[in-house]
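Dumped work-v5.tsv below, it's TSV, C-alpha atoms:
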```
chain	number	residue	atom	x	y	z
A	1	MET	CA	-41.92	-98.05	46.25
A	2	GLU	CA	-41.23	-100.20	43.21
A	3	LYS	CA	-44.14	-101.36	41.10
A	4	ALA	CA	-44.82	-105.09	40.84
A	5	GLY	CA	-45.29	-104.85	37.08
A	6	LYS	CA	-47.36	-107.16	34.92
A	7	SER	CA	-48.34	-110.63	36.03
A	8	CYS	CA	-46.50	-113.69	34.75
A	9	ALA	CA	-47.56	-117.30	34.24
A	10	LEU	CA	-45.45	-120.33	35.14
A	11	THR	CA	-45.26	-123.77	33.57
A	12	ILE	CA	-43.88	-126.78	35.45
A	13	ALA	CA	-43.62	-129.50	32.82
A	14	GLY	CA	-41.40	-131.47	30.46
A	15	SER	CA	-39.80	-130.23	27.27
A	16	ASP	CA	-40.71	-131.27	23.73
A	17	SER	CA	-37.80	-131.15	21.31
A	18	GLY	CA	-40.26	-130.82	18.43
A	19	GLY	CA	-41.85	-127.72	19.96
A	20	ASN	CA	-45.36	-129.21	19.89
A	21	ALA	CA	-46.25	-130.01	23.50
A	22	GLY	CA	-44.97	-129.55	27.03
A	23	VAL	CA	-43.16	-126.37	28.02
A	24	GLN	CA	-42.93	-125.21	24.42
A	25	ALA	CA	-46.69	-125.42	23.92
A	26	ASP	CA	-47.24	-123.66	27.23
A	27	LEU	CA	-44.97	-120.75	26.30
A	28	ARG	CA	-46.78	-120.45	22.96
A	29	ALA	CA	-50.10	-120.14	24.81
A	30	PHE	CA	-48.70	-117.58	27.25
A	31	HIS	CA	-47.37	-115.57	24.31
A	32	ALA	CA	-50.77	-115.69	22.61
A	33	TYR	CA	-52.22	-113.98	25.67
A	34	GLY	CA	-49.42	-111.44	25.97
A	35	VAL	CA	-48.28	-112.94	29.30
A	36	HIS	CA	-44.63	-113.37	30.28
A	37	GLY	CA	-43.85	-117.05	30.81
A	38	CYS	CA	-41.56	-118.54	33.46
A	39	THR	CA	-40.47	-122.18	33.20
A	40	VAL	CA	-39.54	-125.08	35.44
A	41	PHE	CA	-38.38	-128.14	33.51
A	42	ALA	CA	-39.41	-131.45	35.12
A	43	ALA	CA	-38.06	-133.64	32.29
A	44	LEU	CA	-36.30	-133.42	28.94
A	45	THR	CA	-37.69	-135.48	26.08
A	46	ALA	CA	-36.68	-136.46	22.59
A	47	GLN	CA	-39.95	-136.44	20.70
A	48	ASN	CA	-41.90	-135.49	17.63
A	49	PRO	CA	-45.58	-135.84	16.69
A	50	PHE	CA	-45.07	-139.58	16.15
A	51	GLY	CA	-43.85	-140.41	19.65
A	52	VAL	CA	-41.32	-140.04	22.44
A	53	SER	CA	-38.00	-141.82	21.82
A	54	ALA	CA	-36.11	-140.85	24.98
A	55	ILE	CA	-36.66	-139.16	28.34
A	56	TYR	CA	-33.94	-137.56	30.46
A	57	PRO	CA	-35.25	-137.06	34.00
A	58	VAL	CA	-34.63	-133.91	36.00
A	59	THR	CA	-33.78	-134.43	39.66
A	60	PRO	CA	-36.24	-133.25	42.32
A	61	GLY	CA	-33.50	-131.05	43.76
A	62	PHE	CA	-33.02	-129.19	40.48
A	63	VAL	CA	-36.78	-128.80	40.07
A	64	GLN	CA	-36.90	-127.20	43.50
A	65	ALA	CA	-33.94	-124.96	42.61
A	66	GLN	CA	-35.81	-123.72	39.52
A	67	LEU	CA	-38.94	-123.08	41.58
A	68	LYS	CA	-36.93	-121.20	44.20
A	69	ALA	CA	-35.44	-119.02	41.46
A	70	VAL	CA	-38.84	-117.80	40.22
A	71	LEU	CA	-41.33	-118.01	43.11
A	72	GLY	CA	-41.44	-114.79	45.08
A	73	VAL	CA	-39.26	-113.03	42.50
A	74	TYR	CA	-41.53	-112.91	39.46
A	75	ASN	CA	-45.09	-111.66	39.80
A	76	ILE	CA	-46.69	-115.03	39.03
A	77	GLY	CA	-50.46	-114.85	38.89
A	78	ALA	CA	-51.10	-118.45	37.87
A	79	LEU	CA	-49.25	-121.62	37.00
A	80	LYS	CA	-49.89	-124.96	35.35
A	81	THR	CA	-48.29	-128.33	35.80
A	82	GLY	CA	-47.78	-131.06	33.23
A	83	MET	CA	-46.47	-134.60	33.56
A	84	LEU	CA	-44.56	-135.19	36.79
A	85	ALA	CA	-43.32	-138.73	36.36
A	86	THR	CA	-42.33	-139.72	39.89
A	87	GLY	CA	-43.62	-139.35	43.41
A	88	GLU	CA	-40.40	-137.57	44.37
A	89	LEU	CA	-40.94	-134.92	41.70
A	90	ILE	CA	-44.56	-134.41	42.75
A	91	GLU	CA	-43.49	-133.99	46.38
A	92	ALA	CA	-40.79	-131.50	45.40
A	93	VAL	CA	-43.29	-129.40	43.46
A	94	SER	CA	-45.97	-129.65	46.15
A	95	ASP	CA	-43.57	-128.61	48.92
A	96	ALA	CA	-42.48	-125.56	46.93
A	97	LEU	CA	-46.04	-124.49	46.09
A	98	LYS	CA	-47.62	-124.86	49.53
A	99	PRO	CA	-46.28	-121.49	50.80
A	100	HIS	CA	-47.86	-119.71	47.79
A	101	PRO	CA	-51.66	-119.86	48.09
A	102	GLU	CA	-51.85	-116.52	46.27
A	103	ILE	CA	-50.89	-118.21	42.98
A	104	LYS	CA	-53.76	-119.83	41.07
A	105	LYS	CA	-52.85	-123.39	40.14
A	106	VAL	CA	-54.02	-125.36	37.11
A	107	ILE	CA	-53.05	-128.98	37.68
A	108	ASP	CA	-53.12	-131.18	34.59
A	109	PRO	CA	-52.87	-134.72	36.03
A	110	VAL	CA	-51.06	-136.28	33.09
A	111	MET	CA	-51.53	-139.92	34.01
A	112	ILE	CA	-53.13	-141.92	31.20
A	113	ALA	CA	-52.44	-141.76	27.46
A	114	THR	CA	-55.10	-141.87	24.75
A	115	SER	CA	-54.24	-145.54	24.31
A	116	GLY	CA	-55.16	-146.19	27.93
A	117	ALA	CA	-51.55	-146.78	29.02
A	118	LYS	CA	-50.51	-145.30	32.37
A	119	LEU	CA	-47.81	-142.66	32.07
A	120	ILE	CA	-46.78	-142.62	35.74
A	121	GLU	CA	-46.46	-145.30	38.40
A	122	ASP	CA	-49.25	-146.11	40.84
A	123	SER	CA	-47.08	-144.89	43.72
A	124	ALA	CA	-46.76	-141.48	41.99
A	125	ILE	CA	-50.52	-141.32	41.45
A	126	ALA	CA	-51.00	-141.79	45.19
A	127	VAL	CA	-48.67	-138.85	45.92
A	128	LEU	CA	-50.44	-136.76	43.26
A	129	LYS	CA	-53.79	-137.38	44.96
A	130	ARG	CA	-52.47	-136.72	48.45
A	131	GLU	CA	-50.10	-133.78	47.92
A	132	LEU	CA	-50.70	-131.87	44.69
A	133	LEU	CA	-54.37	-132.05	43.75
A	134	PRO	CA	-55.60	-130.43	46.99
A	135	LEU	CA	-53.45	-127.37	46.17
A	136	ALA	CA	-55.17	-126.79	42.82
A	137	SER	CA	-57.51	-124.03	41.81
A	138	VAL	CA	-58.71	-126.38	39.09
A	139	ILE	CA	-57.69	-129.79	37.75
A	140	THR	CA	-58.03	-130.80	34.09
A	141	PRO	CA	-58.22	-134.61	33.75
A	142	ASN	CA	-59.35	-136.32	30.57
A	143	LEU	CA	-62.17	-138.85	30.90
A	144	MET	CA	-59.83	-141.79	31.61
A	145	GLU	CA	-57.86	-139.83	34.20
A	146	ALA	CA	-61.08	-138.65	35.85
A	147	ARG	CA	-62.20	-142.27	36.24
A	148	GLU	CA	-58.86	-143.20	37.81
A	149	LEU	CA	-58.89	-140.26	40.24
A	150	ALA	CA	-62.51	-140.92	41.20
A	151	GLY	CA	-62.04	-144.68	41.52
A	152	MET	CA	-64.93	-145.22	39.09
A	153	ALA	CA	-63.64	-147.46	36.30
A	154	GLY	CA	-65.83	-147.42	33.20
A	155	GLU	CA	-67.91	-144.41	34.26
A	156	GLU	CA	-68.78	-142.32	31.19
A	157	ASP	CA	-70.77	-139.45	32.74
A	158	ALA	CA	-68.37	-136.51	32.87
A	159	ARG	CA	-70.85	-134.49	34.91
A	160	LEU	CA	-70.94	-137.11	37.66
A	161	LEU	CA	-67.17	-137.53	37.61
A	162	ALA	CA	-66.64	-133.77	37.94
A	163	ARG	CA	-68.92	-133.64	40.99
A	164	VAL	CA	-67.31	-136.68	42.61
A	165	LEU	CA	-63.82	-135.26	42.11
A	166	TYR	CA	-64.85	-131.88	43.53
A	167	ASP	CA	-66.21	-133.61	46.63
A	168	LYS	CA	-63.03	-135.70	46.89
A	169	TYR	CA	-60.44	-132.93	46.51
A	170	GLY	CA	-62.34	-129.69	47.17
A	171	VAL	CA	-61.10	-128.01	43.98
A	172	GLY	CA	-62.59	-127.00	40.64
A	173	VAL	CA	-62.72	-129.84	38.12
A	174	ILE	CA	-62.77	-129.82	34.31
A	175	VAL	CA	-63.33	-133.22	32.72
A	176	LYS	CA	-62.10	-132.90	29.16
A	177	GLY	CA	-64.23	-134.44	26.43
A	178	GLY	CA	-61.66	-134.79	23.69
A	179	HIS	CA	-61.45	-138.57	24.18
A	180	SER	CA	-65.20	-139.16	24.32
A	181	GLU	CA	-66.98	-141.12	21.59
A	182	ASP	CA	-69.04	-138.13	20.42
A	183	ARG	CA	-67.87	-137.69	16.83
A	184	LYS	CA	-69.48	-134.31	16.22
A	185	GLU	CA	-68.59	-132.26	19.27
A	186	SER	CA	-65.98	-132.11	22.01
A	187	ILE	CA	-67.60	-131.10	25.30
A	188	ASP	CA	-65.67	-130.21	28.43
A	189	VAL	CA	-67.49	-130.16	31.77
A	190	LEU	CA	-66.56	-127.81	34.62
A	191	PHE	CA	-67.88	-128.13	38.16
A	192	ASP	CA	-66.80	-125.23	40.36
A	193	GLY	CA	-68.59	-126.32	43.53
A	194	GLN	CA	-71.72	-124.37	42.74
A	195	ALA	CA	-72.74	-125.11	39.17
A	196	LEU	CA	-71.98	-127.32	36.21
A	197	HIS	CA	-70.81	-125.58	33.05
A	198	GLU	CA	-70.40	-127.17	29.63
A	199	PHE	CA	-68.11	-125.91	26.87
A	200	GLY	CA	-68.56	-127.35	23.41
A	201	ALA	CA	-66.60	-127.09	20.18
A	202	PRO	CA	-67.16	-128.90	16.88
A	203	ARG	CA	-64.72	-131.67	16.05
A	204	LEU	CA	-62.62	-130.80	13.02
A	205	GLU	CA	-62.31	-133.41	10.29
A	206	ASN	CA	-58.77	-134.72	9.77
A	207	PRO	CA	-56.84	-131.91	11.48
A	208	ILE	CA	-53.18	-131.58	10.59
A	209	SER	CA	-52.20	-131.68	14.26
A	210	THR	CA	-53.71	-132.21	17.70
A	211	HIS	CA	-50.40	-132.89	19.46
A	212	GLY	CA	-50.07	-130.69	22.53
A	213	THR	CA	-53.74	-129.74	22.90
A	214	GLY	CA	-53.96	-130.87	26.53
A	215	CYS	CA	-50.88	-128.85	27.48
A	216	SER	CA	-52.16	-125.86	25.52
A	217	PHE	CA	-55.57	-126.00	27.19
A	218	ALA	CA	-54.17	-125.97	30.73
A	219	ALA	CA	-51.66	-123.24	29.83
A	220	ALA	CA	-54.36	-121.08	28.26
A	221	ILE	CA	-56.47	-121.41	31.41
A	222	ALA	CA	-53.45	-120.31	33.46
A	223	ALA	CA	-52.92	-117.33	31.15
A	224	GLU	CA	-56.57	-116.35	31.43
A	225	LEU	CA	-56.45	-116.61	35.23
A	226	THR	CA	-53.25	-114.55	35.27
A	227	LEU	CA	-55.10	-111.81	33.42
A	228	GLY	CA	-57.91	-111.85	35.97
A	229	SER	CA	-60.59	-113.91	34.23
A	230	PRO	CA	-63.04	-115.77	36.49
A	231	LEU	CA	-62.73	-119.54	36.19
A	232	GLU	CA	-65.74	-120.09	33.92
A	233	GLU	CA	-64.58	-117.34	31.55
A	234	ALA	CA	-61.00	-118.68	31.66
A	235	VAL	CA	-62.13	-122.14	30.59
A	236	ARG	CA	-64.30	-120.73	27.82
A	237	GLY	CA	-61.41	-118.68	26.48
A	238	ALA	CA	-59.00	-121.62	26.68
A	239	LYS	CA	-61.46	-123.84	24.80
A	240	GLU	CA	-61.61	-121.26	22.02
A	241	TYR	CA	-57.82	-120.97	21.96
A	242	VAL	CA	-57.39	-124.73	21.48
A	243	PHE	CA	-60.10	-124.91	18.82
A	244	ARG	CA	-58.36	-122.19	16.82
A	245	ALA	CA	-54.97	-123.87	17.29
A	246	ILE	CA	-56.30	-127.15	15.86
A	247	ARG	CA	-58.16	-125.38	13.06
A	248	ASP	CA	-55.05	-123.44	12.04
A	249	SER	CA	-52.52	-126.27	12.41
A	250	TYR	CA	-49.98	-126.60	9.60
A	251	PHE	CA	-47.17	-128.79	8.29
A	252	VAL	CA	-43.53	-128.20	9.21
A	253	GLY	CA	-42.12	-131.40	7.69
A	254	LYS	CA	-43.19	-134.53	5.86
A	255	ASP	CA	-46.48	-135.54	7.49
A	256	CYS	CA	-45.32	-133.55	10.51
A	257	GLY	CA	-47.75	-130.91	11.75
A	258	VAL	CA	-47.93	-128.42	14.61
A	259	LEU	CA	-50.75	-126.48	16.19
A	260	GLY	CA	-51.48	-123.06	14.79
A	261	PHE	CA	-51.00	-119.80	16.64
A	262	GLU	CA	-53.34	-116.87	16.98
A	263	ARG	CA	-52.94	-113.97	19.38
A	264	MET	CA	-55.78	-113.89	21.90
A	265	ARG	CA	-54.86	-110.79	23.88
A	266	GLY	CA	-52.05	-108.32	24.27
```

Mind turning this structure into C-alpha cells?
Amino acid sequence: MEKAGKSCALTIAGSDSGGNAGVQADLRAFHAYGVHGCTVFAALTAQNPFGVSAIYPVTPGFVQAQLKAVLGVYNIGALKTGMLATGELIEAVSDALKPHPEIKKVIDPVMIATSGAKLIEDSAIAVLKRELLPLASVITPNLMEARELAGMAGEEDARLLARVLYDKYGVGVIVKGGHSEDRKESIDVLFDGQALHEFGAPRLENPISTHGTGCSFAAAIAAELTLGSPLEEAVRGAKEYVFRAIRDSYFVGKDCGVLGFERMRG
C-alpha cells in the first residue's frame, strides 16, 4: 500500500506579477511553513504595490480543470481562496469543493478594498453568500466586508459581527482588525461557535510594505491547519507570521517594497 505522504495546501486566487500578493504571497506562506503548495489561478493581473493596471480573467471551465487536476490527487489538508471576481467563478469553485468535506477551507471573501470600493459585483456577492461561505471552515473578512456580509452597515463591533456571521453561515469567523481606527494595535476577533478569541499585534510605524497581508494571513492559516493546528492556534500562528512579514519588509525597487520572509516551521 502506497503512503499518502505529507499534506499539501492549495490556493485558489489571482496572480500578482510583482510577487507581493495573491498566489505568490500564498506560496511564500506555504513555503515558510514547509508545506507543499498547489495552485489554481482564478485571474491574472498586472500589478505592483502601487496598483493593478490590468486583469486577464480565467474562464470558469479552466478553473474547474485546474481543480480537477489537483483535488483527489494531491494530499491537500487545507486550502484558501482569494478574490473570485464573478458569480460564475464562485459557482465553479463551489461545485468542485462540495465533494471534498475532508479539506479544511479558509475563505477570504475579498469584496471591499481599503478605500471602501467594491471589488466584485453585487450578483457575485450573492453567490458567495449562498454557495461558498457555507463550505468554509473559517472565513476571514475585514471589518467592511463583515458589515456587508452581516447586513449591518456602519457596525464597528467586531465581536458582534463575528457572532452574527457565525449564526448566519454556521462557520468559524475571523473579523480582521487591520482597517480599524485603533492606531496602536491591530486586533483580530475569532468566533468559533463556542468562544470569542482576540489576537493582537502592535501596529508598526511606517512599514516598508503591507501589500499582500490579507492573502498571507489566510494562506498562513491554511498552512497551520494543514499541519494539524486547531483553529485558535492556527490563527495565532498566522497573526505572528504576518506581523513578522510586515516587520521584516524590504525594498526591491524605488519606493517599492515587499513583505519579509521568515521560516515558521519545516

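With all atoms listed in the file as the atoms that count, the minimum distance from Arg159 of chain A to the choices A:Glu91, A:Asp192, A:Glu233, A:Asp122 is reached by A:Asp192.
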
Subject >> d(atom CA of Gly5 of chain A, atom CA of Asn75 of chain A) in Å >> reply: 7.3 Å

Original post:
Within 9 Å of Ile90 of chain A, counting all atoms listed in the file, which residues qualify if same-chain residues fewer than 4 places away don't, as a ChimeraX atom specification?
Top reply: /A:60,84-86,94-95,124,127-128,131-132

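Considering all atoms listed in the file, the residue among A:Ser137, A:Thr213, A:Ser249, A:Thr39 positioned nearest to Leu71 of chain A is A:Thr39.
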
Original post:
So how many Å separate atom CA of Ala223 of chain A and atom CA of Tyr33 of chain A, to one decimal?
Top reply: 6.5 Å

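Counting all atoms listed in the file, the residue from A:Leu67, A:Ile107, A:Ile208, A:Leu225 that sits nearest to Ala245 of chain A is A:Ile208.
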
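One finds atom CA of Val70 of chain A at 22.7 Å from atom CA of Phe217 of chain A.
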
Test item: axis-aligned box, all listed atoms of segment 133-141 of chain A, 5 Å on each side, centre and edges in Å rounded to one decimal, as lines of an AutoDock Vina configuration file:
```
center_x = -56.1
center_y = -129.3
center_z = 40.4
size_x = 15.3
size_y = 20.6
size_z = 23.2
```

**OP:** For Val242 of chain A, please output as an MDAnalysis selection string all residues within 12 Å (counting only C-alpha atoms; exclusion window: fewer than 2 positions along the same chain).
**Re:** chainID A and resid 25:26 28:29 32 178 186 200:204 209:221 235:240 244:249 259:264

**OP:** Compute the distance from (-49.6, -108.1, 36.2) to each atom, counting only C-alpha atoms, keep the residues with any atom at most 8 Å away, and return them as number ranges by chain; use the coordinates of the file.
**Re:** A: 4-8, 75, 77, 226-227

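With only C-alpha atoms as the atoms that count, the residue of A:Val171, A:Ala13, A:Ile103, A:Leu97 with the shortest distance to Pro134 of chain A is A:Val171.
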
**OP:** Excluding Ile174 of chain A and residues on its chain fewer than 5 positions from it, collect all residues at most 9 Å away from it, counting all atoms listed in the file, and give them as a PyMOL selection string.
**Re:** chain A and resi 138-142+158+162+188-192+235

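Shortest atom-to-atom contact with Leu119 of chain A among A:Val52, A:Ala46, A:Lys105, A:Val93: A:Val52, counting only C-alpha atoms.
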
Please, can segment 203-224 of chain A be completed to N, CA and C atoms and returned as a PDB file, in the coordinates of the input?
```
ATOM      1  N   ARG A 203     -65.927-130.909  16.396  1.00  0.00           N
ATOM      2  CA  ARG A 203     -64.720-131.670  16.050  1.00  0.00           C
ATOM      3  C   ARG A 203     -64.363-131.375  14.598  1.00  0.00           C
ATOM      4  N   LEU A 204     -63.095-131.111  14.365  1.00  0.00           N
ATOM      5  CA  LEU A 204     -62.620-130.800  13.020  1.00  0.00           C
ATOM      6  C   LEU A 204     -62.224-132.078  12.307  1.00  0.00           C
ATOM      7  N   GLU A 205     -62.629-132.207  11.069  1.00  0.00           N
ATOM      8  CA  GLU A 205     -62.310-133.410  10.290  1.00  0.00           C
ATOM      9  C   GLU A 205     -60.846-133.421   9.872  1.00  0.00           C
ATOM     10  N   ASN A 206     -60.149-134.499  10.210  1.00  0.00           N
ATOM     11  CA  ASN A 206     -58.770-134.720   9.770  1.00  0.00           C
ATOM     12  C   ASN A 206     -57.858-133.515   9.995  1.00  0.00           C
ATOM     13  N   PRO A 207     -57.739-133.049  11.233  1.00  0.00           N
ATOM     14  CA  PRO A 207     -56.840-131.910  11.480  1.00  0.00           C
ATOM     15  C   PRO A 207     -55.394-132.295  11.224  1.00  0.00           C
ATOM     16  N   ILE A 208     -54.593-131.323  10.836  1.00  0.00           N
ATOM     17  CA  ILE A 208     -53.180-131.580  10.590  1.00  0.00           C
ATOM     18  C   ILE A 208     -52.465-131.970  11.868  1.00  0.00           C
ATOM     19  N   SER A 209     -52.851-131.351  12.989  1.00  0.00           N
ATOM     20  CA  SER A 209     -52.200-131.680  14.260  1.00  0.00           C
ATOM     21  C   SER A 209     -53.170-131.491  15.424  1.00  0.00           C
ATOM     22  N   THR A 210     -53.055-132.385  16.404  1.00  0.00           N
ATOM     23  CA  THR A 210     -53.710-132.210  17.700  1.00  0.00           C
ATOM     24  C   THR A 210     -52.697-132.416  18.828  1.00  0.00           C
ATOM     25  N   HIS A 211     -51.448-132.612  18.475  1.00  0.00           N
ATOM     26  CA  HIS A 211     -50.400-132.890  19.460  1.00  0.00           C
ATOM     27  C   HIS A 211     -50.144-131.660  20.312  1.00  0.00           C
ATOM     28  N   GLY A 212     -50.307-131.809  21.622  1.00  0.00           N
ATOM     29  CA  GLY A 212     -50.070-130.690  22.530  1.00  0.00           C
ATOM     30  C   GLY A 212     -51.317-129.954  22.947  1.00  0.00           C
ATOM     31  N   THR A 213     -52.496-130.470  22.566  1.00  0.00           N
ATOM     32  CA  THR A 213     -53.740-129.740  22.900  1.00  0.00           C
ATOM     33  C   THR A 213     -54.005-129.734  24.399  1.00  0.00           C
ATOM     34  N   GLY A 214     -53.728-130.842  25.095  1.00  0.00           N
ATOM     35  CA  GLY A 214     -53.960-130.870  26.530  1.00  0.00           C
ATOM     36  C   GLY A 214     -53.082-129.871  27.267  1.00  0.00           C
ATOM     37  N   CYS A 215     -51.808-129.829  26.899  1.00  0.00           N
ATOM     38  CA  CYS A 215     -50.880-128.850  27.480  1.00  0.00           C
ATOM     39  C   CYS A 215     -51.358-127.430  27.192  1.00  0.00           C
ATOM     40  N   SER A 216     -51.738-127.189  25.939  1.00  0.00           N
ATOM     41  CA  SER A 216     -52.160-125.860  25.520  1.00  0.00           C
ATOM     42  C   SER A 216     -53.399-125.397  26.262  1.00  0.00           C
ATOM     43  N   PHE A 217     -54.333-126.326  26.484  1.00  0.00           N
ATOM     44  CA  PHE A 217     -55.570-126.000  27.190  1.00  0.00           C
ATOM     45  C   PHE A 217     -55.279-125.547  28.614  1.00  0.00           C
ATOM     46  N   ALA A 218     -54.497-126.330  29.348  1.00  0.00           N
ATOM     47  CA  ALA A 218     -54.170-125.970  30.730  1.00  0.00           C
ATOM     48  C   ALA A 218     -53.383-124.662  30.787  1.00  0.00           C
ATOM     49  N   ALA A 219     -52.453-124.470  29.846  1.00  0.00           N
ATOM     50  CA  ALA A 219     -51.660-123.240  29.830  1.00  0.00           C
ATOM     51  C   ALA A 219     -52.517-122.028  29.511  1.00  0.00           C
ATOM     52  N   ALA A 220     -53.473-122.185  28.601  1.00  0.00           N
ATOM     53  CA  ALA A 220     -54.360-121.080  28.260  1.00  0.00           C
ATOM     54  C   ALA A 220     -55.246-120.706  29.444  1.00  0.00           C
ATOM     55  N   ILE A 221     -55.704-121.711  30.206  1.00  0.00           N
ATOM     56  CA  ILE A 221     -56.470-121.410  31.410  1.00  0.00           C
ATOM     57  C   ILE A 221     -55.612-120.606  32.383  1.00  0.00           C
ATOM     58  N   ALA A 222     -54.353-121.034  32.563  1.00  0.00           N
ATOM     59  CA  ALA A 222     -53.450-120.310  33.460  1.00  0.00           C
ATOM     60  C   ALA A 222     -53.240-118.873  32.988  1.00  0.00           C
ATOM     61  N   ALA A 223     -53.086-118.683  31.680  1.00  0.00           N
ATOM     62  CA  ALA A 223     -52.920-117.330  31.150  1.00  0.00           C
ATOM     63  C   ALA A 223     -54.152-116.484  31.406  1.00  0.00           C
ATOM     64  N   GLU A 224     -55.318-117.069  31.175  1.00  0.00           N
ATOM     65  CA  GLU A 224     -56.570-116.350  31.430  1.00  0.00           C
ATOM     66  C   GLU A 224     -56.686-115.960  32.905  1.00  0.00           C
TER      67      GLU A 224
END
```
